Amino acid sequence: MVEEARRAEDIDRRVAALLDRMSLEEKIGQMSLANAGDSYIHDYLAEGLRAGRVGGVLNEVDSGTVNELQRIAVEESRLGIPLLIGRDVIHGFKTVMPIPLGQAATWNPDLVTQAARVAACEAASHGVNWTFAPMIDVCRDPRWGRIAECLGEDPHLASVLGVAMLRGFQGPDLGRPDAIAACAKHFAGYGAVESGRDYAAANVPENELRNVHLRPFRAAVDAGVATIMTSFSEVDGVPATANERLVRRILKDEWAFGGFVVSDWDSVRQLRIHGLTADDRESAREALTAGVDMEMHGDAYTVHLPPLVRGDGLDEELIDAAVRRILRVKFQLGLFERPYTDPAALPPIASEASLATARQAALQSVVLLRNEHRVLPMSPEALRSLAVIGPLADAGDEQLGTWVFDGDPGLSVTPLQAIRDLAAGRFDVRHLRTMETSRSRDTRAFDEAATLAAQCDATVIFLGEEAILSGEAHCRADINLPGAQAELVTRVREAGKPVIAVILAGRPLTLANIVDKADAILYAWHPGTMGGPAIADLLFGIESPSGKLPVSFPRMVGQIPIYYSHKNTGKPPTPDSVVHIDDIDPKARQLSLGMTSFHLDAGHTPLFAFGHGLSYTSFEYSSIRVSRDQIRLGESFHVHADLRNTGAIGAEEVVQLYVRDLVGNVTRPVRELKGFRRVRLEPEQQVVVDFELHTDDLAFHGRDMRLMVEPGEFQVWIGGSSEAGLRAEFRVVPPA
């Protein structure tokens, strides 16, 4: 700690000395992030570097070009300030990991850190020193295309995994050659955009904002994230890039965030399009005043801040404060001592170890949603022939998912390849693509698919979405399987043989129209480079599924938003109060329809709950207990339960702990995730799973928006999903 403090003091002295030498234009230049990415340095960019008008460059990943950009900035500008080189390294560089939502399904912070470490090393070898990840928006609307980038619907899960990811990117020391600065995004509330449409407004009350959407960002700040990006959306009528309450007062003043804030792509100039400002000059003032330190891909700062300071009374200290933050990160990265990249000094791209991490991440991300009659795992020895059908069985590019600018489809091992490798002459693998794309409505090959299914012992049908159907600006109002895929499932089902559906997608899909037509469903998200071998290992029982859902799956779109940690309401539904629309007596009166909070055509529960995920073995939970019945404020306590593997194979279980605060200053959710742990048990093995909590873990923001812990009654559950039934109670009492 002493050494860290000395280093911080030294950096602050160097920043102050450099800032004293800078002209106003050079300061504002550090606040400008320019786009490149052509493996060629345009004259205007080189001129800007020499004049000190550029502080960072986006989207250049050729190490030779990056080194030349750095050379111009360091050797041909007056002050020699090195550049930040930014890139969207979202879930891998060349070696692509599962999409972040898939990584969230691992519920494995250590594995998420390892995956980000691989990405950081590969990106750093190309000159990248800054990534725009992790995305820690809490999202409860699967229509939103960017749910693929998020870490789920729960603030605790997103906090833990977001911190794990940023630590993988930044490493133990940001100054190491294989570390890159992380950027937590999008601050804040972007996951709550209206109708699941990108760039739309997010109308989030402050209490919900603090209790849900800000929690992962606070965790990232406490963990030392280097940078934070503002959201495209508005909150409470003010776009995030001009939202002084969010950026300056909460993030910088209240939380004491020490890094810098960058706008999203051109979002400073977009303040005018929102209707908040009349022109770019006013937009520049609003964004800087709000606390945005760097403008990404725009010229509002470079054009308008100098005259605003010189002729319009804008306080230059606002600019100085922003530049201090930016320079501090550059010093922390060690760029002044090591501006150039030596690819040979870093681990090789797509190394054996990197591919092994990608395979393990894919393996643990897959969720077994359904397994009727235990059709999975299949036995290679018992099969004579296997039909592999569907548009995504052999699509190496599609399995990579969204945000893979640098991913190499040539590295992908597809499910079809992996199944054929595993078959190795033991059984016949017969493949039919059937549909050109996941969106195709052409059913001409469906008769052939049904015939093939009838001829084989079983069918594995690969369904879902192409990569382009999720991600930024790829939102969907209808989240059923696109195209004619549901009809394909029906036709294959008619063959009367076992049907196993493997779904590759960037979001939860509504599966009610096919769920009963597949004997088993594996949800593989977009699993990345090594998705094929991971899926094959699960299909044939080499590994048991252990993924758990990080989001609830709705039965139909009209249930959205549906999430486990909802409020109780004054009229909560009960099994006896829920009436289905088809069961209504024509003579029924209004008051006989339950009069509780549910949908007549969908009930009140999701198709698959948050935390759900089956295994090839069975786990039994019993004997939950709390270390003390009464816990004083400020104390720690333990919650235990017995966990036993009652099946025939060894496997991993994700044990989850949920708490409910029964009475609060503001109403509290019916359950909140407070802890989770991966546990491996061999057959008949039993362990005690222990969670340590502190009363601070029960804190929430009350009516006055202050963080508080109240004495009172609590319930606690331990189990394998948010529907866990094993419950205990405890009471929090005032301090002695």
# chains A, B, ... in the order shown; residues from 1 in each chain; ligands from 1

call {"tool": "select_by_dssp", "arguments": {"residues": "segment 40-201 of chain A", "states": "alpha helix (DSSP H)", "output": "ChimeraX atom specification"}}
result
/A:43-50,63-75,100-104,109-124,155-170

call {"tool": "residues_around", "arguments": {"residues": "Ser354 of chain A", "least_positions_apart": "2", "cutoff": "9 Å", "atoms": "only C-alpha atoms", "output": "VMD selection string"}}
result
chain A and resid 95 114 to 115 118 to 119 349 to 352 356 to 359

call {"tool": "closest_residue", "arguments": {"among": "A:Thr605, A:Gln686, A:Ser722, A:Ser365", "to": "Glu620 of chain A", "atoms": "only C-alpha atoms"}}
result
A:Gln686

call {"tool": "closest_residue", "arguments": {"among": "A:Ile718, A:Leu400, A:Leu18, A:Leu607", "to": "Glu466 of chain A", "atoms": "only C-alpha atoms"}}
result
A:Leu400

call {"tool": "closest_residue", "arguments": {"among": "A:Gly168, A:Val112, A:Ile72, A:Arg215", "to": "Trp255 of chain A", "atoms": "only C-alpha atoms"}}
result
A:Arg215

call {"tool": "closest_residue", "arguments": {"among": "A:Gly29, A:Ser440, A:Pro391, A:Glu122", "to": "Ala300 of chain A", "atoms": "only C-alpha atoms"}}
result
A:Gly29

call {"tool": "select_by_dssp", "arguments": {"residues": "segment 317-519 of chain A", "states": "strand (DSSP E)", "output": "compact mmCIF listing (two decimals) with C-alpha atoms, in the first residue's frame"}}
result
# COMPACT_ATOMS: atom_id res chain seq x y z
CA VAL A 367 -27.44 -24.08 -20.05
CA LEU A 368 -29.48 -27.28 -20.16
CA LEU A 369 -33.03 -25.93 -20.11
CA ARG A 370 -34.91 -29.19 -20.62
CA ASN A 371 -34.06 -32.89 -20.66
CA SER A 385 -26.66 -42.69 -36.96
CA LEU A 386 -27.22 -39.10 -35.92
CA ALA A 387 -28.95 -36.39 -37.94
CA VAL A 388 -27.41 -32.93 -37.56
CA ILE A 389 -29.81 -30.37 -38.96
CA ASP A 428 -22.71 -42.12 -38.87
CA VAL A 429 -23.18 -38.34 -38.84
CA ARG A 430 -25.60 -37.13 -41.50
CA HIS A 431 -25.82 -33.37 -41.99
CA LEU A 432 -28.46 -31.24 -43.67
CA ALA A 458 -31.79 -39.12 -33.03
CA THR A 459 -31.63 -35.58 -34.36
CA VAL A 460 -29.63 -32.63 -33.07
CA ILE A 461 -31.12 -29.48 -34.54
CA PHE A 462 -29.11 -26.26 -34.35
CA LEU A 463 -31.37 -23.22 -34.15
CA GLY A 464 -31.25 -19.61 -33.06
CA VAL A 499 -35.03 -34.36 -30.90
CA ILE A 500 -32.32 -32.35 -29.19
CA ALA A 501 -32.38 -28.60 -29.85
CA VAL A 502 -29.18 -26.59 -29.48
CA ILE A 503 -29.89 -22.87 -29.61
CA LEU A 504 -27.23 -20.32 -30.51

call {"tool": "residues_around", "arguments": {"residues": "Asp421 of chain A", "least_positions_apart": "6", "cutoff": "12 Å", "atoms": "only C-alpha atoms", "output": "list in words"}}
result
Pro380, Val413, Thr414, Pro415, Phe427, Asp428, Val429, Gly532, Pro533, Ala536 and Asp537 of chain A

call {"tool": "write_last_selection", "arguments": {"atoms": "C-alpha atoms", "output": "mmCIF file, in the first residue's frame"}}
result
data_model
loop_
_atom_site.group_PDB
_atom_site.id
_atom_site.type_symbol
_atom_site.label_atom_id
_atom_site.label_comp_id
_atom_site.auth_asym_id
_atom_site.auth_seq_id
_atom_site.Cartn_x
_atom_site.Cartn_y
_atom_site.Cartn_z
ATOM 1 C CA PRO A 380 -21.678 -42.873 -28.942
ATOM 2 C CA VAL A 413 -14.412 -25.250 -34.482
ATOM 3 C CA THR A 414 -18.081 -25.716 -35.344
ATOM 4 C CA PRO A 415 -20.468 -28.147 -33.649
ATOM 5 C CA PHE A 427 -21.608 -43.828 -35.687
ATOM 6 C CA ASP A 428 -22.710 -42.124 -38.869
ATOM 7 C CA VAL A 429 -23.182 -38.336 -38.840
ATOM 8 C CA GLY A 532 -18.268 -26.681 -31.172
ATOM 9 C CA PRO A 533 -16.087 -28.917 -28.975
ATOM 10 C CA ALA A 536 -20.111 -31.932 -28.423
ATOM 11 C CA ASP A 537 -18.674 -32.681 -24.968
#

call {"tool": "residues_around", "arguments": {"residues": "Glu244 of chain A", "least_positions_apart": "5", "cutoff": "7 Å", "atoms": "only C-alpha atoms", "output": "NGL selection string"}}
result
:A and (249 or 289-291)

call {"tool": "write_last_selection", "arguments": {"atoms": "all heavy atoms", "output": "PDB file, in the first residue's frame"}}
result
ATOM      1  N   ARG A 249     -21.845  14.719 -10.011  1.00  0.00           N
ATOM      2  CA  ARG A 249     -22.219  14.667  -8.595  1.00  0.00           C
ATOM      3  C   ARG A 249     -22.149  13.257  -8.011  1.00  0.00           C
ATOM      4  O   ARG A 249     -21.624  13.064  -6.918  1.00  0.00           O
ATOM      5  CB  ARG A 249     -23.604  15.274  -8.405  1.00  0.00           C
ATOM      6  CG  ARG A 249     -23.585  16.809  -8.482  1.00  0.00           C
ATOM      7  CD  ARG A 249     -24.887  17.396  -8.049  1.00  0.00           C
ATOM      8  NE  ARG A 249     -25.891  17.337  -9.112  1.00  0.00           N
ATOM      9  CZ  ARG A 249     -27.174  17.655  -8.939  1.00  0.00           C
ATOM     10  NH1 ARG A 249     -27.610  18.022  -7.756  1.00  0.00           N
ATOM     11  NH2 ARG A 249     -28.023  17.585  -9.944  1.00  0.00           N
ATOM     12  N   THR A 289     -19.345  20.525 -18.618  1.00  0.00           N
ATOM     13  CA  THR A 289     -19.865  20.907 -17.311  1.00  0.00           C
ATOM     14  C   THR A 289     -20.394  19.684 -16.557  1.00  0.00           C
ATOM     15  O   THR A 289     -20.232  19.568 -15.336  1.00  0.00           O
ATOM     16  CB  THR A 289     -20.984  21.952 -17.469  1.00  0.00           C
ATOM     17  OG1 THR A 289     -20.467  23.088 -18.160  1.00  0.00           O
ATOM     18  CG2 THR A 289     -21.517  22.393 -16.117  1.00  0.00           C
ATOM     19  N   ALA A 290     -20.987  18.757 -17.294  1.00  0.00           N
ATOM     20  CA  ALA A 290     -21.509  17.541 -16.667  1.00  0.00           C
ATOM     21  C   ALA A 290     -20.402  16.647 -16.143  1.00  0.00           C
ATOM     22  O   ALA A 290     -20.624  15.837 -15.236  1.00  0.00           O
ATOM     23  CB  ALA A 290     -22.366  16.768 -17.655  1.00  0.00           C
ATOM     24  N   GLY A 291     -19.192  16.757 -16.729  1.00  0.00           N
ATOM     25  CA  GLY A 291     -18.082  15.938 -16.256  1.00  0.00           C
ATOM     26  C   GLY A 291     -17.517  14.968 -17.270  1.00  0.00           C
ATOM     27  O   GLY A 291     -16.736  14.080 -16.906  1.00  0.00           O
TER      28      GLY A 291
END

call {"tool": "atom_distance", "arguments": {"atom1": "atom CA of Glu60 of chain A", "atom2": "atom CA of Asn35 of chain A"}}
result
8.2 Å

call {"tool": "residues_around", "arguments": {"residues": "segment 726-736 of chain A", "least_positions_apart": "3", "cutoff": "8 Å", "atoms": "only C-alpha atoms", "output": "number ranges by chain"}}
result
A: 621-622, 624-626, 628-634, 695, 710-719

call {"tool": "residues_around", "arguments": {"residues": "Tyr523 of chain A", "least_positions_apart": "2", "cutoff": "12 Å", "atoms": "only C-alpha atoms", "output": "PyMOL selection string"}}
result
chain A and resi 101-102+105+362-371+461-465+500-509+511+515+520-521+525-527+531+535+538-539+545-550+553+608+612-614

call {"tool": "atom_distance", "arguments": {"atom1": "atom CA of Thr65 of chain A", "atom2": "atom CA of Leu83 of chain A"}}
result
12.6 Å

call {"tool": "atom_distance", "arguments": {"atom1": "atom CA of Val375 of chain A", "atom2": "atom CA of Arg678 of chain A"}}
result
25.2 Å

call {"tool": "closest_residue", "arguments": {"among": "A:Cys475, A:Gly702, A:Ala641, A:Arg325", "to": "Thr667 of chain A", "atoms": "only C-alpha atoms"}}
result
A:Gly702
